[in-house]
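Here the structure comes first, spelled out in structure tokens, and everything after it is commentary.
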Amino acid sequence: MFADPAAFLAAAADLLGLRGLTTDPDLLAPWLTDWRGRFTGRALGLASPASTAEVSALVRLCAEHGVPIVPQGGNSGMSGGATPDGTGGALLLSLRRMDTVRRFDVEARRITCDAGMILENLHHAAEAEGLRFALTLGGKGSATVGGLISTNAGGTQVLRHGSMRAQVLGIEAVLADGSVYDALTPLKKDNRGFDLKQLLIGSEGTLGIVTAATLALVPAVAERVVAWCAVPSLQVARRLLLHCDDALGTTLEGFEVMPRASVEAVLNYLPTARAPLAGDHAWHVLVEAVADKAGAAVLRDQVEAAIAGAFEAGLVEDAVFSANEAQAEAFWTIRDSVAPAERAKGPAMQHDISVPVELMPDFVDHASAKVEAAFPGVEAVAFGHLGDGNVHFHAIAPAGSDYVSWQETTGKEISSLVNDMVTEWGGSISAEHGIGQLKVGELERLGDPVALAMLRQVKQALDPRGLLNPGKLVRPAAQAG
Ligand SMILES: Cc1cc2nc3c(=O)[nH]c(=O)nc-3n(C[C@H](O)[C@H](O)[C@H](O)COP(=O)(O)OP(=O)(O)OC[C@H]3O[C@@H](n4cnc5c(N)ncnc54)[C@H](O)[C@@H]3O)c2cc1C
């Protein structure tokens, strides 16, 4: 299928110019390993096209030469989806050079931007116009619009605003044959058959390369109050969530839980971080409420009254409120640093799971006990987006474990056990991080056969030669592990 790498690279260099293509191993190296350091691959080269026309021409060239493509945004993904395999035969296609705002419609609260735009820059662009892009996550300094769309990212505001799927009004993508699917126009009503843009969202680069998107914005935050609460158990945290939902209504935007071990890990990792509360508490909850201009004046009183009510109901052991923006940010920095702090501690198996939200506290207790009993020395921690029925359930290796060998042996056994339990409880083995190469085998093992067959049929229809991100998310039945 793949005739001549040298001829392909020469043609790609002609097409993209000096800035658009490199084979320099030093320039390639940072992009060949995933954020968690779990996967390292090799690539023919790193292509960085500067426009949709260049992406289209490049994909056409890849099709002619039979070269597989691994699309990549900020490389902050958690499932190894943007890391090529070890053969060195694929081209890494970075969208990072494509990072401009194409159109800003302030009145209609919409922005159209290139897929390589970094999330944090998108936040700033919206803020400059008195608006807000209502999705954020810990990797916002690297994650790109194209990556967020392709993984259907979640983050910490899904409770109120939904995941990336809910923010996307239009999409432009280059398909496997190089043709450009242009659906950037934001139509509120459009019933011309399947919603093809939704098919691309969450497809992890296996159906097309997202080159631009039209995104919904909301009014800027005029006031926000963050409460940091201590609770005795995850069951009580869940009751606190219901209480806050009643008391705060649509101002409630974030409800994040962290066990004692995660908060301690962050305090050790970040020298500038301070514990929000004195004393020893089993669980910490970050509650965020926000208001636009209309509700700003009363927000603080509302939040304080809600948490006072929770005290009276015996739900909260202790609590503190952000007095200003700097303090609100400091609380969020602790939450956002849980993943990096844990990464710094050593190997762990991460499970980004969801079960129906009312079952999550019992699931976490059940799964933690099972994992710790079956694998002595392993510590199970669960943190994250309780409000969405989604936690990151991590099994941390005993100190001193070798990174690769532990993950490849014990780690895999732990993941099978956890994924079995998630499936038994009616949940999902990927709530927001996608499947990538990390979970492709587990999806094949545990997924509904009818759903798997549908995934394969869609893939076959849109990418019959399997050149777009091969080995990720969905593999032909013959290659299934
Ligand atoms: C500290 C930290 C915290 C995080 N917290 C969260 C969280 O709370 N919620 C959450 O959902 N995620 C979280 N993430 C994961 C990550 O930020 C998201 O998965 C994000 O969407 C990845 O974006 P990216 O641009 O880095 O994509 P990459 O990692 O580069 O790619 C991810 C996948 O998308 C594909 N892809 C990338 N760009 C394109 C494109 N233009 N067209 C087609 N396919 C493409 C890749 O091939 C790959 O399969 C976190 C990451 C970090 C580092």
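Chain labels run A, B, ... following the order of the structure tokens; each chain numbers its residues from 1, and ligands are numbered from 1 in the order shown.
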Name all residues at most 12 Å from Ala43 in chain A (count only C-alpha atoms; drop same-chain ones fewer than 2 positions away) and give them as an MDAnalysis selection string.
chainID A and resid 5 9 22:25 27:33 40:41 45:47 67:71 82:93
(Q) Any residue with an atom at most 7 Å from ligand 1 counts, using only C-alpha atoms and all ligand atoms. Which are they? Put them as a ChimeraX atom specification. (A) /A:35,70-78,81-82,95,115-116,137-140,142-156,204-205,208-211,336-337,339-340,432-433,436,469
Dump of N, CA and C atoms for the selected residues, as a CSV table (one decimal), in the first residue's frame:
```csv
chain,number,residue,atom,x,y,z
A,35,TRP,N,0.7,12.6,27.0
A,35,TRP,CA,0.9,13.5,28.2
A,35,TRP,C,1.2,12.7,29.4
A,70,VAL,N,-2.0,10.6,11.8
A,70,VAL,CA,-2.4,10.7,13.2
A,70,VAL,C,-2.6,12.2,13.4
A,71,PRO,N,-3.8,12.6,13.6
A,71,PRO,CA,-4.1,14.1,13.8
A,71,PRO,C,-3.7,14.4,15.3
A,72,GLN,N,-3.2,15.6,15.5
A,72,GLN,CA,-2.8,16.0,16.8
A,72,GLN,C,-3.1,17.4,17.1
A,73,GLY,N,-3.6,17.7,18.3
A,73,GLY,CA,-3.8,19.1,18.7
A,73,GLY,C,-2.7,19.5,19.7
A,74,GLY,N,-3.1,19.6,21.0
A,74,GLY,CA,-2.2,20.0,22.0
A,74,GLY,C,-1.5,18.8,22.7
A,75,ASN,N,-1.8,17.6,22.3
A,75,ASN,CA,-1.2,16.4,22.8
A,75,ASN,C,-1.4,16.3,24.3
A,76,SER,N,-2.6,16.8,24.8
A,76,SER,CA,-2.9,16.7,26.2
A,76,SER,C,-3.9,15.6,26.5
A,77,GLY,N,-4.2,14.8,25.5
A,77,GLY,CA,-5.2,13.7,25.6
A,77,GLY,C,-4.7,12.7,26.6
A,78,MET,N,-5.7,12.0,27.2
A,78,MET,CA,-5.4,11.0,28.2
A,78,MET,C,-5.5,9.6,27.8
A,81,GLY,N,-4.5,8.8,22.1
A,81,GLY,CA,-5.2,8.9,20.8
A,81,GLY,C,-4.3,9.7,19.8
A,82,ALA,N,-3.5,10.6,20.3
A,82,ALA,CA,-2.7,11.4,19.3
A,82,ALA,C,-1.2,10.9,19.2
A,95,LEU,N,-2.3,20.4,14.1
A,95,LEU,CA,-3.2,21.5,13.7
A,95,LEU,C,-2.7,22.8,14.4
A,115,ALA,N,-9.1,25.0,14.2
A,115,ALA,CA,-9.1,23.9,15.1
A,115,ALA,C,-7.9,23.9,16.1
A,116,GLY,N,-6.8,24.6,15.7
A,116,GLY,CA,-5.6,24.6,16.5
A,116,GLY,C,-5.6,25.6,17.6
A,137,LEU,N,-11.0,23.0,31.4
A,137,LEU,CA,-10.4,21.8,32.0
A,137,LEU,C,-8.9,22.1,32.4
A,138,GLY,N,-8.3,21.2,33.1
A,138,GLY,CA,-7.0,21.4,33.6
A,138,GLY,C,-5.9,21.5,32.5
A,139,GLY,N,-6.2,20.9,31.4
A,139,GLY,CA,-5.2,21.0,30.3
A,139,GLY,C,-5.4,22.2,29.4
A,140,LYS,N,-6.1,23.3,29.9
A,140,LYS,CA,-6.5,24.4,29.0
A,140,LYS,C,-5.4,25.1,28.3
A,142,SER,N,-2.9,23.8,26.9
A,142,SER,CA,-2.4,23.0,25.7
A,142,SER,C,-3.6,22.5,24.8
A,143,ALA,N,-4.7,22.1,25.4
A,143,ALA,CA,-5.8,21.5,24.6
A,143,ALA,C,-6.3,22.5,23.5
A,144,THR,N,-6.6,21.9,22.4
A,144,THR,CA,-7.0,22.8,21.2
A,144,THR,C,-8.5,22.5,20.9
A,145,VAL,N,-9.1,23.4,20.2
A,145,VAL,CA,-10.5,23.2,19.8
A,145,VAL,C,-10.7,21.9,19.1
A,146,GLY,N,-9.8,21.6,18.2
A,146,GLY,CA,-9.9,20.3,17.4
A,146,GLY,C,-9.8,19.1,18.3
A,147,GLY,N,-8.9,19.1,19.3
A,147,GLY,CA,-8.8,18.0,20.2
A,147,GLY,C,-10.0,17.9,21.1
A,148,LEU,N,-10.5,19.0,21.5
A,148,LEU,CA,-11.7,19.0,22.4
A,148,LEU,C,-12.9,18.5,21.7
A,149,ILE,N,-13.0,18.8,20.4
A,149,ILE,CA,-14.1,18.3,19.6
A,149,ILE,C,-13.9,16.8,19.4
A,150,SER,N,-12.7,16.5,19.0
A,150,SER,CA,-12.5,15.1,18.6
A,150,SER,C,-12.6,14.1,19.8
A,151,THR,N,-12.4,14.6,21.0
A,151,THR,CA,-12.6,13.7,22.2
A,151,THR,C,-13.9,14.0,22.9
A,152,ASN,N,-14.7,14.9,22.4
A,152,ASN,CA,-15.9,15.4,23.0
A,152,ASN,C,-15.6,15.6,24.5
A,153,ALA,N,-14.6,16.5,24.8
A,153,ALA,CA,-14.1,16.8,26.1
A,153,ALA,C,-15.2,17.2,27.1
A,154,GLY,N,-15.0,16.9,28.3
A,154,GLY,CA,-16.0,17.3,29.4
A,154,GLY,C,-15.4,18.5,30.1
A,155,GLY,N,-14.8,18.2,31.3
A,155,GLY,CA,-14.3,19.3,32.1
A,155,GLY,C,-15.2,19.6,33.3
A,156,THR,N,-15.0,20.8,33.8
A,156,THR,CA,-15.6,21.1,35.1
A,156,THR,C,-16.9,21.9,35.1
A,204,GLU,N,-12.4,11.1,17.5
A,204,GLU,CA,-10.9,10.9,17.8
A,204,GLU,C,-10.1,10.9,16.6
A,205,GLY,N,-10.4,11.7,15.6
A,205,GLY,CA,-9.5,11.7,14.4
A,205,GLY,C,-9.7,10.5,13.5
A,208,GLY,N,-12.3,12.0,10.3
A,208,GLY,CA,-12.0,13.2,9.6
A,208,GLY,C,-11.1,14.1,10.5
A,209,ILE,N,-10.5,15.1,9.8
A,209,ILE,CA,-9.7,16.0,10.5
A,209,ILE,C,-10.4,17.4,10.7
A,210,VAL,N,-10.7,17.7,11.9
A,210,VAL,CA,-11.4,18.9,12.2
A,210,VAL,C,-10.5,20.1,11.9
A,211,THR,N,-10.9,21.1,11.1
A,211,THR,CA,-10.1,22.2,10.8
A,211,THR,C,-10.6,23.5,11.3
A,336,ASP,N,-7.3,21.5,39.8
A,336,ASP,CA,-6.7,21.3,38.5
A,336,ASP,C,-5.3,20.6,38.6
A,337,SER,N,-4.7,20.6,39.8
A,337,SER,CA,-3.4,20.0,39.9
A,337,SER,C,-3.4,18.6,40.4
A,339,ALA,N,-4.3,15.9,38.8
A,339,ALA,CA,-3.7,14.9,37.8
A,339,ALA,C,-2.2,15.1,37.7
A,340,PRO,N,-1.7,16.3,37.5
A,340,PRO,CA,-0.2,16.5,37.5
A,340,PRO,C,0.5,16.0,38.8
A,432,GLU,N,-15.1,10.7,29.5
A,432,GLU,CA,-14.8,12.0,28.8
A,432,GLU,C,-13.5,11.9,28.1
A,433,HIS,N,-12.6,11.0,28.4
A,433,HIS,CA,-11.3,11.0,27.8
A,433,HIS,C,-11.1,10.3,26.4
A,436,GLY,N,-9.1,6.1,22.4
A,436,GLY,CA,-7.7,6.2,21.9
A,436,GLY,C,-7.1,4.8,21.7
A,469,ASN,N,-6.0,7.8,11.7
A,469,ASN,CA,-5.7,7.4,13.1
A,469,ASN,C,-6.0,5.9,13.3
```
TODO: Step one, run DSSP on the backbone; step two, keep only residues of range 201-450 of chain A assigned to alpha helix (DSSP H); then write them as a VMD selection string.
DONE: chain A and resid 234 to 248 260 to 269 296 to 312 325 to 336 338 to 345 360 to 374 403 to 406 412 to 424 440 to 446 449 to 450
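CA of Gly434 in chain A is positioned 26.0 Å from CA of Leu241 in chain A.
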**OP:** Please provide as a ChimeraX atom specification all residues within 10 Å of Leu122 in chain A, with the sequence filter that same-chain residues fewer than 2 positions apart are discarded (counting only C-alpha atoms).
**Re:** /A:99-101,111,113,117-120,124-128,132-133,140,144-145
Go ahead and save the residues from that selection, with C-alpha atoms, as an mmCIF file, in the first residue's frame.
```
data_model
loop_
_atom_site.group_PDB
_atom_site.id
_atom_site.type_symbol
_atom_site.label_atom_id
_atom_site.label_comp_id
_atom_site.auth_asym_id
_atom_site.auth_seq_id
_atom_site.Cartn_x
_atom_site.Cartn_y
_atom_site.Cartn_z
ATOM 1 C CA ASP A 99 -4.999 29.051 15.513
ATOM 2 C CA THR A 100 -6.814 32.158 14.329
ATOM 3 C CA VAL A 101 -10.282 33.517 14.989
ATOM 4 C CA ILE A 111 -17.125 32.480 17.481
ATOM 5 C CA CYS A 113 -12.048 29.635 14.928
ATOM 6 C CA MET A 117 -6.748 27.380 18.770
ATOM 7 C CA ILE A 118 -5.712 26.672 22.348
ATOM 8 C CA LEU A 119 -8.563 26.593 24.845
ATOM 9 C CA GLU A 120 -7.045 29.243 27.109
ATOM 10 C CA HIS A 124 -9.289 35.188 26.481
ATOM 11 C CA ALA A 125 -10.766 35.989 23.063
ATOM 12 C CA ALA A 126 -14.305 35.569 24.418
ATOM 13 C CA GLU A 127 -13.559 37.552 27.576
ATOM 14 C CA ALA A 128 -12.240 40.459 25.517
ATOM 15 C CA ARG A 132 -17.367 33.369 27.856
ATOM 16 C CA PHE A 133 -16.668 29.968 26.354
ATOM 17 C CA LYS A 140 -6.533 24.363 28.986
ATOM 18 C CA THR A 144 -7.028 22.753 21.240
ATOM 19 C CA VAL A 145 -10.496 23.226 19.833
#
```
Give the answer as one residue: which of A:Ala323, A:Ala374, A:Val263, A:Leu299 has the shortest atom-to-atom distance to Ala341 in chain A, using only C-alpha atoms?
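Checking each candidate against Ala341 in chain A, we get A:Val263 as the closest.
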What's around Leu169 in chain A at 8 Å? Count only C-alpha atoms, leave out sequence neighbours fewer than 5 positions away in its own chain, and write the answer as an mmCIF file with C-alpha atoms, in the first residue's frame.
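out.cif was written with the following content:
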```cif
data_model
loop_
_atom_site.group_PDB
_atom_site.id
_atom_site.type_symbol
_atom_site.label_atom_id
_atom_site.label_comp_id
_atom_site.auth_asym_id
_atom_site.auth_seq_id
_atom_site.Cartn_x
_atom_site.Cartn_y
_atom_site.Cartn_z
ATOM 1 C CA LEU A 184 -19.696 25.968 9.832
ATOM 2 C CA THR A 185 -22.939 27.874 9.411
ATOM 3 C CA PRO A 186 -24.772 27.690 12.720
ATOM 4 C CA LEU A 187 -28.322 26.624 11.980
ATOM 5 C CA ALA A 213 -15.562 25.117 14.367
ATOM 6 C CA THR A 214 -18.299 27.570 15.204
ATOM 7 C CA LEU A 215 -18.804 27.609 18.953
ATOM 8 C CA ALA A 216 -21.496 28.939 21.265
#
```
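Residues with any atom within 12 Å of Leu217 in chain A, counting only C-alpha atoms and excluding same-chain neighbours fewer than 5 positions away, are Phe104, Asp105, Val106, Glu107, Ala108, Arg109, Arg110, Ile111, Thr112, Leu122, His123, Ala125, Ala126, Glu127, Glu129, Gly130, Leu131, Arg132, Phe133, Ala134, Leu135, His161, Met164, Ala166, Gln167, Val168 and Leu169 of chain A.
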Could you write out the selected residues, including N, CA and C atoms, as a PDB file, in the first residue's frame?
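Done, and the output landed in again11.pdb:
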```
ATOM      1  N   PHE A 104     -16.128  36.563  14.549  1.00  0.00           N
ATOM      2  CA  PHE A 104     -16.646  36.732  15.909  1.00  0.00           C
ATOM      3  C   PHE A 104     -17.962  37.469  15.806  1.00  0.00           C
ATOM      4  N   ASP A 105     -19.040  36.835  16.189  1.00  0.00           N
ATOM      5  CA  ASP A 105     -20.341  37.476  16.126  1.00  0.00           C
ATOM      6  C   ASP A 105     -20.808  37.716  17.563  1.00  0.00           C
ATOM      7  N   VAL A 106     -20.477  38.914  18.063  1.00  0.00           N
ATOM      8  CA  VAL A 106     -20.693  39.209  19.484  1.00  0.00           C
ATOM      9  C   VAL A 106     -22.189  39.188  19.809  1.00  0.00           C
ATOM     10  N   GLU A 107     -22.975  39.802  18.926  1.00  0.00           N
ATOM     11  CA  GLU A 107     -24.412  39.886  19.191  1.00  0.00           C
ATOM     12  C   GLU A 107     -25.064  38.496  19.284  1.00  0.00           C
ATOM     13  N   ALA A 108     -24.660  37.631  18.369  1.00  0.00           N
ATOM     14  CA  ALA A 108     -25.240  36.277  18.359  1.00  0.00           C
ATOM     15  C   ALA A 108     -24.502  35.341  19.316  1.00  0.00           C
ATOM     16  N   ARG A 109     -23.485  35.860  19.982  1.00  0.00           N
ATOM     17  CA  ARG A 109     -22.668  35.070  20.922  1.00  0.00           C
ATOM     18  C   ARG A 109     -22.115  33.804  20.264  1.00  0.00           C
ATOM     19  N   ARG A 110     -21.334  34.030  19.187  1.00  0.00           N
ATOM     20  CA  ARG A 110     -20.738  32.903  18.470  1.00  0.00           C
ATOM     21  C   ARG A 110     -19.330  33.268  18.032  1.00  0.00           C
ATOM     22  N   ILE A 111     -18.477  32.260  17.994  1.00  0.00           N
ATOM     23  CA  ILE A 111     -17.125  32.480  17.481  1.00  0.00           C
ATOM     24  C   ILE A 111     -16.810  31.332  16.516  1.00  0.00           C
ATOM     25  N   THR A 112     -16.155  31.677  15.416  1.00  0.00           N
ATOM     26  CA  THR A 112     -15.674  30.634  14.501  1.00  0.00           C
ATOM     27  C   THR A 112     -14.156  30.711  14.501  1.00  0.00           C
ATOM     28  N   LEU A 122      -8.857  30.810  23.550  1.00  0.00           N
ATOM     29  CA  LEU A 122     -10.282  30.981  23.233  1.00  0.00           C
ATOM     30  C   LEU A 122     -10.996  31.679  24.393  1.00  0.00           C
ATOM     31  N   HIS A 123     -10.672  31.263  25.614  1.00  0.00           N
ATOM     32  CA  HIS A 123     -11.263  31.937  26.784  1.00  0.00           C
ATOM     33  C   HIS A 123     -10.949  33.434  26.745  1.00  0.00           C
ATOM     34  N   ALA A 125     -10.105  35.312  24.191  1.00  0.00           N
ATOM     35  CA  ALA A 125     -10.766  35.989  23.063  1.00  0.00           C
ATOM     36  C   ALA A 125     -12.219  36.302  23.413  1.00  0.00           C
ATOM     37  N   ALA A 126     -12.902  35.352  24.046  1.00  0.00           N
ATOM     38  CA  ALA A 126     -14.305  35.569  24.418  1.00  0.00           C
ATOM     39  C   ALA A 126     -14.406  36.652  25.491  1.00  0.00           C
ATOM     40  N   GLU A 127     -13.521  36.576  26.476  1.00  0.00           N
ATOM     41  CA  GLU A 127     -13.559  37.552  27.576  1.00  0.00           C
ATOM     42  C   GLU A 127     -13.370  38.980  27.060  1.00  0.00           C
ATOM     43  N   GLU A 129     -14.497  40.278  24.625  1.00  0.00           N
ATOM     44  CA  GLU A 129     -15.760  40.807  24.077  1.00  0.00           C
ATOM     45  C   GLU A 129     -16.889  40.712  25.099  1.00  0.00           C
ATOM     46  N   GLY A 130     -16.540  40.507  26.373  1.00  0.00           N
ATOM     47  CA  GLY A 130     -17.569  40.434  27.411  1.00  0.00           C
ATOM     48  C   GLY A 130     -18.355  39.139  27.376  1.00  0.00           C
ATOM     49  N   LEU A 131     -17.757  38.092  26.786  1.00  0.00           N
ATOM     50  CA  LEU A 131     -18.448  36.805  26.685  1.00  0.00           C
ATOM     51  C   LEU A 131     -17.588  35.695  27.298  1.00  0.00           C
ATOM     52  N   ARG A 132     -18.092  34.482  27.235  1.00  0.00           N
ATOM     53  CA  ARG A 132     -17.367  33.369  27.856  1.00  0.00           C
ATOM     54  C   ARG A 132     -17.586  32.106  27.052  1.00  0.00           C
ATOM     55  N   PHE A 133     -16.529  31.306  26.899  1.00  0.00           N
ATOM     56  CA  PHE A 133     -16.668  29.968  26.354  1.00  0.00           C
ATOM     57  C   PHE A 133     -16.789  29.034  27.556  1.00  0.00           C
ATOM     58  N   ALA A 134     -17.957  28.373  27.673  1.00  0.00           N
ATOM     59  CA  ALA A 134     -18.302  27.716  28.937  1.00  0.00           C
ATOM     60  C   ALA A 134     -17.823  26.272  29.019  1.00  0.00           C
ATOM     61  N   LEU A 135     -16.580  26.046  28.680  1.00  0.00           N
ATOM     62  CA  LEU A 135     -15.989  24.727  28.918  1.00  0.00           C
ATOM     63  C   LEU A 135     -14.553  24.964  29.333  1.00  0.00           C
ATOM     64  N   HIS A 161     -23.409  23.341  31.586  1.00  0.00           N
ATOM     65  CA  HIS A 161     -23.352  23.696  30.157  1.00  0.00           C
ATOM     66  C   HIS A 161     -23.205  22.519  29.206  1.00  0.00           C
ATOM     67  N   MET A 164     -18.401  19.137  25.235  1.00  0.00           N
ATOM     68  CA  MET A 164     -18.043  19.890  24.021  1.00  0.00           C
ATOM     69  C   MET A 164     -19.156  19.793  22.968  1.00  0.00           C
ATOM     70  N   ALA A 166     -22.154  19.993  23.219  1.00  0.00           N
ATOM     71  CA  ALA A 166     -23.203  21.004  23.401  1.00  0.00           C
ATOM     72  C   ALA A 166     -22.738  22.402  22.985  1.00  0.00           C
ATOM     73  N   GLN A 167     -21.439  22.597  22.849  1.00  0.00           N
ATOM     74  CA  GLN A 167     -20.930  23.941  22.523  1.00  0.00           C
ATOM     75  C   GLN A 167     -20.747  24.134  21.014  1.00  0.00           C
ATOM     76  N   VAL A 168     -20.756  23.013  20.268  1.00  0.00           N
ATOM     77  CA  VAL A 168     -20.393  23.106  18.847  1.00  0.00           C
ATOM     78  C   VAL A 168     -21.637  23.388  17.999  1.00  0.00           C
ATOM     79  N   LEU A 169     -21.600  24.515  17.296  1.00  0.00           N
ATOM     80  CA  LEU A 169     -22.725  24.898  16.424  1.00  0.00           C
ATOM     81  C   LEU A 169     -22.443  24.559  14.963  1.00  0.00           C
TER      82      LEU A 169
END
```
Between A:Val218, A:Ala57, A:Val290, A:Val418, smallest distance to Glu325 in chain A by only C-alpha atoms belongs to A:Val290
Inset, instruction - Would you list the contacts of Asp245 in chain A as a list in words, taking every protein, DNA or RNA residue within 12 Å and counting only C-alpha atoms, but skipping same-chain residues closer than 6 positions in sequence? - result: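 Listed by chain and then number, they are Leu159, Arg160, Arg238, Arg239, Thr251, Leu252, Glu253, Gly254, Phe255, Val287, Glu288, Ala289, Gln302, Val303, Ala306, Ile307, Ala310 and Gly387 of chain A.
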